[in-house]
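Heads up, input26.cif below (mmCIF, C-alpha atoms and all ligand atoms):
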data_protein
#
loop_
_atom_site.label_atom_id
_atom_site.label_comp_id
_atom_site.auth_asym_id
_atom_site.auth_seq_id
_atom_site.Cartn_x
_atom_site.Cartn_y
_atom_site.Cartn_z
CA MET E 1 33.93 5.82 58.87
CA GLY E 2 35.35 2.64 60.47
CA ASP E 3 35.07 -0.88 59.03
CA SER E 4 32.05 -1.76 61.18
CA GLN E 5 30.22 1.37 60.01
CA ARG E 6 30.71 0.40 56.37
CA SER E 7 28.26 -2.47 56.54
CA GLY E 8 24.57 -3.05 57.16
CA PHE E 9 23.26 -0.80 54.40
CA ASP E 10 20.25 -1.62 52.27
CA VAL E 11 21.21 0.85 49.55
CA ALA E 12 24.52 2.32 48.44
CA VAL E 13 24.05 5.37 46.23
CA VAL E 14 27.05 6.29 44.09
CA GLY E 15 27.11 10.03 43.37
CA ALA E 16 26.15 12.95 45.62
CA GLY E 17 24.76 15.15 42.84
CA ILE E 18 21.05 15.97 42.81
CA VAL E 19 20.15 12.66 41.18
CA GLY E 20 22.01 10.66 43.84
CA LEU E 21 20.57 12.74 46.69
CA ALA E 22 17.06 12.35 45.28
CA HIS E 23 17.50 8.58 45.31
CA ALA E 24 18.87 8.71 48.85
CA LEU E 25 15.79 10.61 50.01
CA VAL E 26 13.27 8.29 48.39
CA ALA E 27 15.11 5.19 49.62
CA ALA E 28 15.35 6.54 53.18
CA ARG E 29 11.66 7.38 53.15
CA ALA E 30 10.98 3.79 52.10
CA GLY E 31 12.69 2.75 55.34
CA LYS E 32 16.02 1.75 53.82
CA ARG E 33 19.41 2.30 55.44
CA VAL E 34 21.30 4.38 52.90
CA VAL E 35 24.93 5.36 52.29
CA VAL E 36 25.87 7.93 49.64
CA ILE E 37 29.41 7.66 48.24
CA ASP E 38 31.14 10.34 46.14
CA ARG E 39 34.73 10.74 45.02
CA ASP E 40 34.76 14.49 45.65
CA PRO E 41 34.71 16.24 49.06
CA ARG E 42 31.31 17.71 48.16
CA ALA E 43 29.08 17.95 45.10
CA ASN E 44 30.98 19.92 42.47
CA GLY E 45 29.46 18.79 39.16
CA ALA E 46 26.45 19.85 37.13
CA SER E 47 24.26 19.86 40.23
CA ILE E 48 25.94 22.93 41.74
CA ARG E 49 26.76 24.63 38.42
CA ASN E 50 23.18 24.88 37.22
CA PHE E 51 20.60 27.65 37.57
CA GLY E 52 18.78 25.85 40.36
CA PHE E 53 15.78 26.38 38.14
CA ILE E 54 13.17 23.70 38.80
CA THR E 55 11.28 24.01 35.56
CA VAL E 56 7.88 22.60 34.65
CA THR E 57 6.69 24.76 31.76
CA GLY E 58 8.75 23.96 28.66
CA GLN E 59 9.68 20.43 29.71
CA GLU E 60 9.09 17.78 27.06
CA ARG E 61 5.43 16.91 26.73
CA GLY E 62 4.34 13.69 28.46
CA GLU E 63 6.65 11.90 30.86
CA SER E 64 9.21 14.68 31.45
CA TRP E 65 6.47 17.22 32.14
CA ALA E 66 4.84 14.83 34.65
CA LEU E 67 8.18 14.05 36.32
CA ALA E 68 8.87 17.79 36.59
CA ARG E 69 5.54 18.53 38.26
CA ARG E 70 6.18 15.78 40.77
CA THR E 71 9.78 16.90 41.36
CA ARG E 72 8.65 20.50 41.86
CA ASP E 73 6.17 19.32 44.51
CA VAL E 74 8.89 17.40 46.35
CA TRP E 75 11.25 20.41 46.28
CA ALA E 76 8.45 22.65 47.59
CA ALA E 77 7.77 20.27 50.47
CA ILE E 78 11.35 19.56 51.52
CA ALA E 79 12.95 22.99 51.00
CA PRO E 80 11.65 24.48 54.27
CA GLU E 81 12.51 21.30 56.20
CA ALA E 82 16.05 21.30 54.81
CA GLY E 83 16.53 25.05 55.35
CA ILE E 84 16.73 25.68 51.59
CA ALA E 85 15.37 29.07 50.54
CA VAL E 86 13.14 29.21 47.47
CA GLU E 87 14.69 32.31 45.89
CA GLN E 88 12.13 32.79 43.11
CA ARG E 89 8.88 31.31 41.84
CA GLY E 90 7.27 31.11 38.40
CA LEU E 91 8.58 32.04 34.97
CA ILE E 92 8.25 34.94 32.52
CA VAL E 93 8.99 34.14 28.86
CA THR E 94 9.28 37.58 27.28
CA LEU E 95 8.70 37.48 23.50
CA ARG E 96 9.50 39.89 20.66
CA HIS E 97 8.78 37.89 17.46
CA ALA E 98 5.31 37.26 16.04
CA GLU E 99 6.39 33.68 15.31
CA ALA E 100 7.14 33.22 19.01
CA ILE E 101 3.66 34.38 19.96
CA ALA E 102 2.25 31.67 17.69
CA VAL E 103 4.30 29.08 19.62
CA ALA E 104 3.14 30.48 22.97
CA GLU E 105 -0.49 30.40 21.84
CA ALA E 106 -0.15 26.81 20.66
CA PHE E 107 1.52 25.88 23.96
CA LEU E 108 -1.28 27.49 25.98
CA ALA E 109 -3.82 25.42 24.03
CA THR E 110 -2.21 22.16 25.22
CA GLU E 111 -2.64 20.50 28.60
CA MET E 112 0.78 21.95 29.51
CA GLY E 113 -0.71 25.45 29.44
CA GLU E 114 -2.79 24.76 32.55
CA GLY E 115 -2.31 27.60 35.03
CA CYS E 116 -0.24 29.64 32.55
CA GLU E 117 -1.37 32.90 30.93
CA TRP E 118 -0.53 35.21 28.06
CA LEU E 119 0.08 38.91 28.71
CA GLY E 120 -0.18 41.23 25.70
CA ALA E 121 2.34 44.05 25.26
CA ALA E 122 0.40 46.70 27.22
CA GLU E 123 -0.43 44.40 30.10
CA PHE E 124 3.13 43.03 30.24
CA ARG E 125 4.51 46.57 30.36
CA ALA E 126 2.01 47.59 33.04
CA ARG E 127 2.76 44.58 35.21
CA HIS E 128 6.46 44.03 34.61
CA GLY E 129 7.74 47.19 32.90
CA GLU E 130 11.17 46.81 34.49
CA ILE E 131 11.92 43.78 32.25
CA ALA E 132 9.84 44.67 29.17
CA ALA E 133 12.22 45.51 26.32
CA PRO E 134 11.07 48.23 23.89
CA GLY E 135 10.20 45.62 21.24
CA ALA E 136 8.43 43.19 23.58
CA LEU E 137 5.15 41.92 22.13
CA GLY E 138 4.06 40.19 25.32
CA ALA E 139 4.96 37.38 27.68
CA LEU E 140 4.02 33.83 28.56
CA ILE E 141 3.62 33.59 32.33
CA SER E 142 3.93 30.32 34.25
CA PRO E 143 3.30 29.93 37.98
CA HIS E 144 4.81 26.45 38.29
CA GLU E 145 8.56 26.98 38.75
CA LEU E 146 10.83 27.22 41.78
CA ARG E 147 14.39 28.46 41.95
CA VAL E 148 16.99 27.51 44.55
CA GLU E 149 20.66 28.49 44.86
CA SER E 150 22.18 25.16 43.94
CA ARG E 151 25.66 25.77 45.29
CA THR E 152 24.24 26.13 48.80
CA ALA E 153 21.13 23.99 48.35
CA LEU E 154 23.05 20.79 47.57
CA PRO E 155 25.15 20.85 50.77
CA LYS E 156 22.02 21.69 52.79
CA LEU E 157 20.13 18.83 51.22
CA ALA E 158 22.97 16.43 52.04
CA ALA E 159 23.17 17.69 55.65
CA TRP E 160 19.41 17.31 56.07
CA LEU E 161 19.46 13.78 54.65
CA LYS E 162 22.13 12.93 57.23
CA ASP E 163 20.46 14.62 60.20
CA ALA E 164 16.77 14.01 59.53
CA HIS E 165 16.90 10.72 57.61
CA GLY E 166 20.01 9.04 58.97
CA VAL E 167 21.67 8.80 55.54
CA ALA E 168 25.41 8.09 55.84
CA PHE E 169 27.88 9.91 53.57
CA MET E 170 31.32 8.87 52.38
CA PHE E 171 32.96 11.73 50.50
CA GLU E 172 36.44 11.63 48.95
CA THR E 173 35.76 7.99 48.19
CA ALA E 174 35.86 6.66 44.63
CA VAL E 175 33.74 3.60 43.81
CA HIS E 176 35.65 1.10 41.69
CA ALA E 177 33.20 -1.82 41.44
CA VAL E 178 29.56 -2.45 42.32
CA ALA E 179 28.52 -6.05 43.01
CA PRO E 180 26.13 -6.08 45.99
CA PRO E 181 26.49 -6.95 48.74
CA ARG E 182 30.05 -5.74 48.10
CA ILE E 183 30.90 -2.26 46.86
CA GLU E 184 34.62 -1.72 46.23
CA THR E 185 35.83 1.77 47.07
CA SER E 186 39.13 3.60 47.42
CA ARG E 187 38.59 3.33 51.21
CA GLY E 188 37.88 -0.38 51.22
CA PRO E 189 34.71 -2.42 50.76
CA VAL E 190 31.24 -1.21 51.74
CA GLN E 191 28.46 -3.73 52.39
CA ALA E 192 25.05 -2.92 50.92
CA GLU E 193 22.24 -5.18 49.66
CA THR E 194 21.55 -2.97 46.62
CA ALA E 195 23.22 -0.12 44.77
CA ILE E 196 22.03 2.82 42.71
CA VAL E 197 24.71 4.38 40.53
CA CYS E 198 24.08 8.05 39.66
CA PRO E 199 27.39 9.04 38.04
CA GLY E 200 26.38 12.23 36.22
CA ASP E 201 28.46 12.37 33.05
CA ASP E 202 31.13 9.89 34.14
CA PHE E 203 30.69 7.24 31.43
CA ALA E 204 33.88 5.29 32.16
CA SER E 205 34.25 4.40 35.85
CA LEU E 206 31.32 2.03 36.41
CA PHE E 207 29.28 -0.08 33.96
CA ALA E 208 31.01 1.59 31.01
CA ASP E 209 29.76 -1.05 28.56
CA ARG E 210 26.16 -0.66 29.67
CA ILE E 211 26.35 3.14 29.52
CA ALA E 212 27.88 2.93 26.02
CA VAL E 213 24.72 1.21 24.74
CA TYR E 214 22.88 4.54 25.21
CA ARG E 215 25.55 6.30 23.10
CA PRO E 216 25.90 9.22 25.51
CA ARG E 217 27.81 12.40 24.78
CA ARG E 218 28.32 15.55 26.77
CA CYS E 219 26.99 19.06 26.51
CA ARG E 220 29.05 21.99 27.78
CA LEU E 221 27.30 25.16 28.95
CA SER E 222 28.67 28.65 29.60
CA MET E 223 27.28 30.47 32.63
CA LEU E 224 27.67 33.97 34.09
CA ARG E 225 26.90 35.72 37.33
CA LEU E 226 26.10 39.40 36.83
CA ALA E 227 25.96 42.10 39.49
CA SER E 228 22.53 43.09 40.78
CA PRO E 229 20.53 45.20 38.31
CA GLY E 230 19.32 47.18 41.34
CA PHE E 231 15.84 45.68 41.55
CA ARG E 232 14.17 42.29 42.09
CA LEU E 233 13.24 40.32 39.00
CA PRO E 234 9.57 39.39 39.31
CA ALA E 235 10.44 35.80 38.28
CA PRO E 236 13.06 33.88 36.30
CA VAL E 237 13.15 35.15 32.71
CA MET E 238 13.43 33.30 29.40
CA SER E 239 12.94 34.56 25.83
CA ASP E 240 12.20 33.71 22.19
CA LEU E 241 15.31 31.54 21.79
CA SER E 242 14.05 29.27 24.59
CA LEU E 243 11.03 28.31 22.48
CA VAL E 244 13.21 26.54 19.94
CA ARG E 245 15.33 24.81 22.62
CA TYR E 246 12.97 23.54 25.33
CA ALA E 247 11.17 20.51 23.95
CA GLY E 248 7.75 21.41 25.42
CA TYR E 249 7.62 24.33 22.98
CA ALA E 250 10.14 23.29 20.33
CA ALA E 251 8.24 20.11 19.39
CA LEU E 252 5.11 22.13 18.53
CA PRO E 253 4.68 22.58 14.74
CA GLN E 254 4.57 26.38 15.16
CA ALA E 255 8.19 26.36 16.37
CA GLN E 256 9.49 25.72 12.84
CA ALA E 257 8.65 29.22 11.61
CA LEU E 258 10.29 30.71 14.69
CA ARG E 259 13.39 28.59 14.10
CA THR E 260 13.62 29.89 10.52
CA ARG E 261 13.23 33.48 11.69
CA LEU E 262 15.83 33.17 14.45
CA ALA E 263 18.28 31.42 12.12
CA ALA E 264 18.11 34.51 9.90
CA ASP E 265 18.15 37.09 12.73
CA GLN E 266 20.52 35.50 15.25
CA PRO E 267 22.67 32.86 13.54
CA ALA E 268 25.54 33.13 16.03
CA HIS E 269 23.15 32.53 18.93
CA LEU E 270 21.81 29.37 17.30
CA ALA E 271 25.29 28.18 16.31
CA ASN E 272 26.35 28.42 19.96
CA GLY E 273 23.11 26.88 21.23
CA VAL E 274 22.39 30.06 23.18
CA HIS E 275 19.08 30.84 24.81
CA LEU E 276 18.30 32.94 27.85
CA ILE E 277 17.67 31.95 31.42
CA ALA E 278 18.13 34.77 33.93
CA VAL E 279 17.50 34.01 37.60
CA GLN E 280 18.19 36.08 40.69
CA SER E 281 19.91 35.29 43.97
CA ALA E 282 19.25 36.59 47.46
CA ASP E 283 21.94 39.29 47.10
CA GLY E 284 20.33 40.58 43.92
CA SER E 285 22.98 39.14 41.57
CA LEU E 286 21.80 37.34 38.46
CA VAL E 287 22.77 33.92 37.17
CA VAL E 288 22.51 34.21 33.40
CA GLY E 289 23.10 31.67 30.64
CA ASP E 290 23.46 29.58 28.66
CA SER E 291 25.13 28.03 25.59
CA HIS E 292 25.20 24.40 24.42
CA HIS E 293 28.19 22.74 22.73
CA TYR E 294 28.08 18.98 22.17
CA ASP E 295 31.03 16.59 21.98
CA ASP E 296 32.16 13.24 23.37
CA LEU E 297 34.52 15.32 25.54
CA PRO E 298 33.81 19.06 25.30
CA PRO E 299 37.08 20.95 25.78
CA PRO E 300 37.14 23.38 28.72
CA PHE E 301 37.82 26.31 26.37
CA ALA E 302 34.52 28.15 26.12
CA PRO E 303 34.25 30.53 23.17
CA ALA E 304 33.92 34.22 24.00
CA GLU E 305 31.30 34.45 21.26
CA ALA E 306 28.93 32.29 23.31
CA GLU E 307 29.24 34.63 26.28
CA ALA E 308 28.70 37.67 24.03
CA CYS E 309 25.54 36.05 22.61
CA ILE E 310 24.18 35.34 26.11
CA LEU E 311 24.69 38.96 27.17
CA ASP E 312 23.24 40.20 23.88
CA GLU E 313 20.12 38.07 24.33
CA PHE E 314 19.78 39.32 27.92
CA GLN E 315 19.69 42.90 26.65
CA ARG E 316 17.38 42.16 23.71
CA ALA E 317 14.92 40.29 25.92
CA THR E 318 14.83 42.57 28.96
CA GLY E 319 15.93 45.94 27.65
CA ILE E 320 18.46 46.03 30.50
CA ALA E 321 22.15 46.71 29.79
CA PRO E 322 23.94 43.69 31.30
CA PRO E 323 25.42 44.55 34.72
CA PRO E 324 29.13 43.71 35.25
CA VAL E 325 30.15 40.05 35.08
CA GLN E 326 31.13 38.78 38.55
CA GLU E 327 31.75 35.10 37.78
CA ARG E 328 32.08 32.79 34.77
CA TRP E 329 32.01 29.02 34.73
CA VAL E 330 31.25 26.08 32.48
CA GLY E 331 29.41 22.89 33.33
CA THR E 332 28.72 19.67 31.48
CA TYR E 333 25.93 17.13 31.52
CA ALA E 334 25.17 13.87 29.74
CA VAL E 335 23.01 13.80 26.63
CA ALA E 336 21.64 10.89 24.62
CA ASP E 337 19.52 10.93 21.49
CA GLY E 338 15.86 10.23 22.00
CA ARG E 339 15.78 9.93 25.78
CA SER E 340 15.71 12.42 28.62
CA TYR E 341 16.94 9.86 31.20
CA PHE E 342 17.43 6.16 31.66
CA ILE E 343 17.18 3.66 34.49
CA ASP E 344 19.28 0.64 33.55
CA ALA E 345 19.42 -2.63 35.52
CA PRO E 346 22.89 -4.22 35.39
CA SER E 347 21.55 -6.83 37.86
CA ASP E 348 18.50 -7.40 40.08
CA ALA E 349 20.19 -5.50 42.90
CA VAL E 350 21.71 -2.63 40.89
CA ARG E 351 20.24 0.34 39.05
CA LEU E 352 22.17 2.79 36.92
CA VAL E 353 20.44 6.16 36.56
CA MET E 354 21.47 8.94 34.21
CA VAL E 355 19.60 12.10 33.25
CA THR E 356 20.50 12.71 29.60
CA SER E 357 18.71 15.99 28.93
CA GLY E 358 20.04 18.64 31.30
CA THR E 359 16.96 18.52 33.51
CA GLY E 360 18.14 16.64 36.61
CA ALA E 361 17.18 19.33 39.13
CA SER E 362 13.70 19.44 37.58
CA THR E 363 13.02 15.72 37.22
CA GLY E 364 15.32 13.97 39.72
CA PHE E 365 12.88 13.29 42.55
CA GLY E 366 10.26 11.92 40.16
CA ILE E 367 12.84 9.67 38.52
CA ALA E 368 14.08 8.49 41.93
CA GLU E 369 10.57 7.40 42.91
CA ARG E 370 10.43 5.25 39.79
CA THR E 371 13.84 3.70 40.46
CA ILE E 372 13.03 2.80 44.06
CA ALA E 373 9.62 1.42 43.08
CA ASP E 374 11.28 -0.72 40.43
CA LEU E 375 14.14 -1.89 42.65
CA PHE E 376 12.00 -2.77 45.66
CA GLY E 377 8.64 -3.43 43.99
CA LEU E 378 6.99 -0.55 45.83
CA GLU E 379 4.15 1.79 44.95
CA THR E 380 5.51 4.74 42.95
CA LYS E 381 4.45 7.84 44.87
CA ALA E 382 6.00 8.75 48.21
CA ALA E 383 4.61 11.53 50.39
CA PRO E 384 5.79 14.96 49.19
C1 LIG B 1 25.42 24.83 33.54
C2 LIG B 1 24.26 23.91 33.78
C3 LIG B 1 23.00 24.45 33.99
C4 LIG B 1 21.91 23.61 34.24
N1 LIG B 1 20.70 24.15 34.59
C5 LIG B 1 19.72 23.33 35.03
C6 LIG B 1 18.55 23.87 35.62
O1 LIG B 1 18.45 25.07 35.85
N2 LIG B 1 17.55 23.01 35.95
C7 LIG B 1 17.69 21.66 35.81
O2 LIG B 1 16.77 20.93 36.11
N3 LIG B 1 18.82 21.11 35.34
C8 LIG B 1 19.83 21.92 34.96
N4 LIG B 1 21.00 21.38 34.51
C9 LIG B 1 21.13 19.92 34.46
C10 LIG B 1 21.34 19.35 35.85
O3 LIG B 1 22.23 20.16 36.59
C11 LIG B 1 21.86 17.90 35.73
O4 LIG B 1 20.91 17.15 34.97
C12 LIG B 1 22.02 17.27 37.10
O5 LIG B 1 22.78 18.10 37.94
C13 LIG B 1 22.69 15.90 36.98
O6 LIG B 1 22.83 15.43 38.30
P1 LIG B 1 23.70 14.16 38.63
O7 LIG B 1 23.57 13.93 40.09
O8 LIG B 1 23.32 13.06 37.71
O9 LIG B 1 25.19 14.55 38.18
P2 LIG B 1 26.37 15.34 38.93
O10 LIG B 1 25.90 16.57 39.58
O11 LIG B 1 27.43 15.47 37.90
O12 LIG B 1 26.84 14.36 40.08
C14 LIG B 1 27.44 13.10 39.81
C15 LIG B 1 28.32 12.75 40.98
O13 LIG B 1 28.74 11.41 40.86
C16 LIG B 1 30.06 11.31 41.36
N5 LIG B 1 30.65 10.08 40.81
C17 LIG B 1 30.59 9.64 39.53
N6 LIG B 1 31.21 8.46 39.41
C18 LIG B 1 31.68 8.14 40.65
C19 LIG B 1 32.42 7.03 41.18
N7 LIG B 1 32.79 5.99 40.41
N8 LIG B 1 32.75 7.04 42.48
C20 LIG B 1 32.38 8.09 43.29
N9 LIG B 1 31.68 9.14 42.85
C21 LIG B 1 31.33 9.17 41.54
C22 LIG B 1 30.72 12.59 40.89
O14 LIG B 1 31.85 12.90 41.68
C23 LIG B 1 29.59 13.60 41.06
O15 LIG B 1 29.63 14.27 42.32
C24 LIG B 1 22.09 22.21 34.23
C25 LIG B 1 23.36 21.67 34.02
C26 LIG B 1 24.44 22.51 33.80
C27 LIG B 1 25.81 21.93 33.60
#

For this file, write the structure as structure tokens.
Ligand SMILES: Cc1cc2nc3c(=O)[nH]c(=O)nc-3n(C[C@H](O)[C@H](O)[C@H](O)COP(=O)(O)OP(=O)(O)OC[C@H]3O[C@@H](n4cnc5c(N)ncnc54)[C@H](O)[C@@H]3O)c2cc1C
Amino acid sequence: MGDSQRSGFDVAVVGAGIVGLAHALVAARAGKRVVVIDRDPRANGASIRNFGFITVTGQERGESWALARRTRDVWAAIAPEAGIAVEQRGLIVTLRHAEAIAVAEAFLATEMGEGCEWLGAAEFRARHGEIAAPGALGALISPHELRVESRTALPKLAAWLKDAHGVAFMFETAVHAVAPPRIETSRGPVQAETAIVCPGDDFASLFADRIAVYRPRRCRLSMLRLASPGFRLPAPVMSDLSLVRYAGYAALPQAQALRTRLAADQPAHLANGVHLIAVQSADGSLVVGDSHHYDDLPPPFAPAEAEACILDEFQRATGIAPPPVQERWVGTYAVADGRSYFIDAPSDAVRLVMVTSGTGASTGFGIAERTIADLFGLETKAAP
């Protein structure tokens, strides 16, 4: 990009992860000229290491749940335009503890249960016998979710933003300072009237003092890709452990008894923050996880015990012996006590956006609509 092409932007977005790309889309749709700047040659952070699971059911009650429904609608609308395949839809939470059934029943009685259903043991086995473990007592079924293959979806989303929305991209470009209309980068200044900083879990490069106010830390997750089990999963699968981890269930009073039971039955799983998400890719392979270890800087040394717990939970929940491991990786995301995201305003022309709950693929578009509305004084909802 030459000097003359580095000026004339309305919005500079720092970060080409899903949160940055979501902001680029909403800003472009609002008629803004947008440049996205990232230090890496392509997205390589949490946004391509995740499950690509756009989750509604289980999100924290209230704002997060609403943001997830909106974000799911945007993904559903743009995926075909951007050439992104929706690999799976919906969710099956297979349950084997009576205490977990009580949580599922309580969940279904809330507004978040809309469209979801409970399948008893016999019906679950009749409908989805291939993933019903011998001890399964039933399953909570949700129709709301989508699943994309993030490692290919992110580059496709960026390419579509460039081709269909005229968004400019500067990769391999680190941003050192943000003071619109001047953005200082490792390739020289960029001119933009406003800036939206979406740095993922980089707490140090930009606005470090403002980020520190939110007291963020990081969470490290272990992930696995398993060979195809030889059949298609009917939907992404979760299990009992998920009901004490995902806030939409875990905040219900009934979750306490389940927590006590799981602490007695599966202490190593809880100690490693393990619960089960198993999703399937086009080639039949499974992305399975995950664990949660919290630190200001989680070391890259993931304990083997966490991986063993993930595979153990996969077998307990589905009755399927885990197929061979094809890939292993870790990812990190930002966390902050008491908030799932924040939109900070270092100045009138700058917004700093961080998802602090590991839900950026599920809430990013909804959050972006709020940021753009706030920054430009626009109505919140854009067309899907
Ligand atoms: C293993 C794992 C599984 C997950 N599963 C799910 C899931 O299934 N569903 C879900 O909704 N969420 C999931 N999450 C959470 C989700 O992936 C994150 O919330 C989301 O990806 C955060 O997106 P982001 O754009 O903020 O961050 P990132 O993807 O980390 O992107 C930030 C970008 O900013 C760039 N950057 C930062 N500072 C600068 C600078 N100064 N100059 C230039 N570039 C800069 C970085 O290079 C990076 O590319 C998961 C996360 C992990 C790690």

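Among the candidates E:Asp296, E:Asp202, E:Glu105, E:Glu63, the residue lying nearest to Gln254 in chain E is E:Glu105 (atoms considered: all atoms listed in the file).
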
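The interatomic distance for the pair CA of Thr332 in chain E and CA of Lys156 in chain E works out to 22.4 Å.
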
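Look at Ile141 in chain E: the protein and nucleic acid residues within 8 Å of it, using all atoms listed in the file and passing over chain neighbours fewer than 4 places away, are Gly90, Leu91, Ile92, Val93, Cys116, Glu117, Trp118 and Leu119 of chain E.
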
> Could you work out how far CA of Ser340 in chain E lies from CA of Ala368 in chain E, giving the answer in Å with one decimal?
Replying inline: 14.0 Å

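Look at Gln88 in chain E: the protein and nucleic acid residues within 6 Å of it, using only C-alpha atoms and passing over chain neighbours fewer than 6 places away, are E:Leu146, E:Arg147, E:Ala235.
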
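Neighbours of Ala106 in chain E closer than or equal to 10 Å, with only C-alpha atoms counted and sequence neighbours fewer than 5 positions away skipped, come out as Ala100, Ile101, Gly113, Tyr249, Leu252, Pro253, Gln254 and Ala255 of chain E.
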
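The nearest approach to ligand LIG 1 (chain B) among the residues E:Val237, E:Ala139, E:Ala27, E:Ala98, with all atoms listed in the file taken into account, belongs to E:Val237.
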
> For the atom pair CA of Ala43 in chain E and CA of Asp337 in chain E, what is the interatomic distance in Å to one decimal place?
Replying inline: 26.4 Å

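Checking E:Leu154, E:Ala168, E:Ala208, E:Ala159 one by one against Trp75 in chain E, counting all atoms listed in the file, you find the shortest gap at E:Leu154.
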
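Checking E:Ala126, E:Met238, E:Val35, E:Val274 one by one against Gly166 in chain E, counting only C-alpha atoms, you find the shortest gap at E:Val35.
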
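Shortest separation to Asp374 in chain E among E:Ala177, E:Thr318, E:Ala104, E:Val350 occurs at residue E:Val350, atoms counted being all atoms listed in the file.
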
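Neighbouring residues of Gln326 in chain E at 10 Å or closer, counting all atoms listed in the file and skipping chain neighbours under 4 positions away, are Leu224, Arg225, Leu226, Ala227, Ser228, Ser285, Leu286 and Val287 of chain E.
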
> Arg49 in chain E: which residues within 9 Å, counting all atoms listed in the file, same-chain residues fewer than 2 positions away excluded, as an NGL selection string?
Replying inline: :E and (44-47 or 51-52 or 150-151 or 223 or 329-332)

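Residue nearest ligand LIG 1 (chain B) within the list E:Ala164, E:Ala79, E:Leu137, E:Cys219: E:Cys219 [criterion: smallest interatomic distance, all atoms listed in the file].
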
> So which residues are close to (32.7, 28.3, 24.4), meaning at most 10 Å away in the file's coordinates with only C-alpha atoms counted, and can you show them as a ChimeraX atom specification?
Replying inline: /E:220-222,272,291-293,298-307,330

Should you be able to, write range 274-291 of chain E of this structure into a file that contains C-alpha atoms, as a PDB file, in the first residue's frame.
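Written output follows (selection-v4.pdb):
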ATOM      1  CA  VAL E 274     -12.540 -29.264  31.319  1.00  0.00           C
ATOM      2  CA  HIS E 275     -15.909 -29.557  29.662  1.00  0.00           C
ATOM      3  CA  LEU E 276     -16.863 -31.057  26.326  1.00  0.00           C
ATOM      4  CA  ILE E 277     -17.481 -29.435  22.988  1.00  0.00           C
ATOM      5  CA  ALA E 278     -17.233 -31.811  20.023  1.00  0.00           C
ATOM      6  CA  VAL E 279     -17.864 -30.400  16.558  1.00  0.00           C
ATOM      7  CA  GLN E 280     -17.342 -31.946  13.139  1.00  0.00           C
ATOM      8  CA  SER E 281     -15.623 -30.705  10.010  1.00  0.00           C
ATOM      9  CA  ALA E 282     -16.408 -31.354   6.363  1.00  0.00           C
ATOM     10  CA  ASP E 283     -13.880 -34.222   6.195  1.00  0.00           C
ATOM     11  CA  GLY E 284     -15.523 -35.944   9.144  1.00  0.00           C
ATOM     12  CA  SER E 285     -12.757 -35.087  11.637  1.00  0.00           C
ATOM     13  CA  LEU E 286     -13.789 -33.776  15.043  1.00  0.00           C
ATOM     14  CA  VAL E 287     -12.589 -30.689  16.864  1.00  0.00           C
ATOM     15  CA  VAL E 288     -12.820 -31.605  20.538  1.00  0.00           C
ATOM     16  CA  GLY E 289     -12.033 -29.616  23.679  1.00  0.00           C
ATOM     17  CA  ASP E 290     -11.513 -27.922  25.972  1.00  0.00           C
ATOM     18  CA  SER E 291      -9.715 -27.019  29.216  1.00  0.00           C
TER      19      SER E 291
END
